[in-house]
Amino acid sequence: MSSPISRDSALGIRRRPVALERLPAGQIAFRFPALEPYRYPEPVRCPYPRCGSRDVLLRQIVPKAVRDPFLRQVMARRYGCLRCGRTFRVYPQGIGPAQTSLRLRHLSLLLYLLGLSYADVPRALRALGLSMSKTAVYLTVRAAGAAVSGPRQRLRAVPAEAGSGDEVAPSRWANRWLAVELGRDMWGDSIVRVDVFQTEDLAALLPWLEQIATAADAQMLVRANRAA
Ligand SMILES: [Zn+2]
């Protein structure tokens, strides 16, 4: 396969490699709340202005493809309004008319706030088999307007082991303080792990990481590896 190396990955390779062999001083895992694909908002009302009737009838259940870290498809409920005669759809919580779930948008926001660029967030998501455009990431970050203040420093892709000819989406990103790794844990619900290299940095970074977790509606689990 003769795919040309993209400018981004060439940049990543030219950077000085970060020493990753050390045991990190602390590990932080970000988890996202479970999305309940069978829970629908109740009560159901006609959403059209100047109607709002509760006299609605479930007409049909239709599959809807979604982009989400854990779900590929949900069922949308199609209702008909008995007062105004119009139809509308109701989606499970966390899912809207857009194809991208709220959880995936939160994940992209989290990665951006940790230090990935707008262009790198889609590359990182690809490692999880997820697709989101750079523009969608940008709009998500803008819409969140998250006032997160802290030592955000650009994260660069850590080149994967040389060997395989195919270009794999990088799943590890690092700067001088921390490394971010994407993957699923054994329960399949933790997808972003952050390694902080130095103990003294951990104390300084934790308040910032907590702000990021809140902004992205994620749960943060901390494990400090203190020297015995
Ligand atoms: Zn109506």
# chains A, B, ... in the order shown; residues from 1 in each chain; ligands from 1

$ residues_around --residues "Pro41 in chain A" --least-positions-apart "5" --cutoff "9 Å" --atoms "only C-alpha atoms" --output "list in words"
Val90, Tyr91, Pro92 and Gln93 of chain A

$ residues_near_ligand --ligand "ligand 1" --cutoff "6 Å" --atoms "only C-alpha atoms and all ligand atoms" --output "VMD selection string"
chain A and resid 46 48 51 to 53 81 83 to 84 86

$ write_last_selection --atoms "N, CA, C and O atoms" --output "PDB file, in the first residue's frame"
ATOM      1  N   CYS A  46     -46.945  16.642  21.488  1.00  0.00           N
ATOM      2  CA  CYS A  46     -46.702  17.137  20.137  1.00  0.00           C
ATOM      3  C   CYS A  46     -45.766  18.349  20.241  1.00  0.00           C
ATOM      4  O   CYS A  46     -46.030  19.287  20.987  1.00  0.00           O
ATOM      5  N   TYR A  48     -44.944  20.632  18.083  1.00  0.00           N
ATOM      6  CA  TYR A  48     -45.174  21.801  17.225  1.00  0.00           C
ATOM      7  C   TYR A  48     -45.737  22.953  18.031  1.00  0.00           C
ATOM      8  O   TYR A  48     -46.587  22.764  18.903  1.00  0.00           O
ATOM      9  N   CYS A  51     -49.460  23.768  19.442  1.00  0.00           N
ATOM     10  CA  CYS A  51     -50.230  22.518  19.571  1.00  0.00           C
ATOM     11  C   CYS A  51     -49.911  21.950  20.949  1.00  0.00           C
ATOM     12  O   CYS A  51     -50.610  22.219  21.902  1.00  0.00           O
ATOM     13  N   GLY A  52     -48.790  21.198  21.054  1.00  0.00           N
ATOM     14  CA  GLY A  52     -48.393  20.677  22.365  1.00  0.00           C
ATOM     15  C   GLY A  52     -49.359  19.645  22.931  1.00  0.00           C
ATOM     16  O   GLY A  52     -49.340  19.352  24.128  1.00  0.00           O
ATOM     17  N   SER A  53     -50.184  19.082  22.084  1.00  0.00           N
ATOM     18  CA  SER A  53     -51.189  18.135  22.546  1.00  0.00           C
ATOM     19  C   SER A  53     -50.562  16.852  23.088  1.00  0.00           C
ATOM     20  O   SER A  53     -49.499  16.422  22.646  1.00  0.00           O
ATOM     21  N   CYS A  81     -49.869  13.130  15.807  1.00  0.00           N
ATOM     22  CA  CYS A  81     -50.660  13.952  16.711  1.00  0.00           C
ATOM     23  C   CYS A  81     -52.128  13.887  16.273  1.00  0.00           C
ATOM     24  O   CYS A  81     -52.436  14.099  15.106  1.00  0.00           O
ATOM     25  N   ARG A  83     -54.478  15.852  17.300  1.00  0.00           N
ATOM     26  CA  ARG A  83     -55.095  17.180  17.189  1.00  0.00           C
ATOM     27  C   ARG A  83     -54.719  17.873  15.880  1.00  0.00           C
ATOM     28  O   ARG A  83     -55.568  18.297  15.133  1.00  0.00           O
ATOM     29  N   CYS A  84     -53.386  17.979  15.622  1.00  0.00           N
ATOM     30  CA  CYS A  84     -52.982  18.733  14.424  1.00  0.00           C
ATOM     31  C   CYS A  84     -52.638  17.830  13.244  1.00  0.00           C
ATOM     32  O   CYS A  84     -52.425  18.313  12.140  1.00  0.00           O
ATOM     33  N   ARG A  86     -49.998  16.176  12.553  1.00  0.00           N
ATOM     34  CA  ARG A  86     -48.607  16.074  12.115  1.00  0.00           C
ATOM     35  C   ARG A  86     -47.899  14.920  12.822  1.00  0.00           C
ATOM     36  O   ARG A  86     -48.381  14.398  13.827  1.00  0.00           O
TER      37      ARG A  86
END

$ residues_around --residues "Arg156 in chain A" --least-positions-apart "3" --cutoff "8 Å" --atoms "only C-alpha atoms" --output "ChimeraX atom specification"
/A:12,116,173-175

$ residues_around --residues "Phe197 in chain A" --least-positions-apart "3" --cutoff "6 Å" --atoms "only C-alpha atoms" --output "PyMOL selection string"
chain A and resi 24-25+178

$ residues_around --residues "range 133-143 of chain A" --least-positions-apart "6" --cutoff "8 Å" --atoms "only C-alpha atoms" --output "VMD selection string"
chain A and resid 105 108 to 109 112 118 to 119 121 to 122

$ select_by_dssp --residues "range 67-125 of chain A" --states "strand (DSSP E)" --output "ChimeraX atom specification"
/A:73-81,87-90

$ closest_residue --among "A:Ala76, A:Ala29, A:Val44, A:Ala34" --to "Gly183 in chain A" --atoms "only C-alpha atoms"
A:Ala29
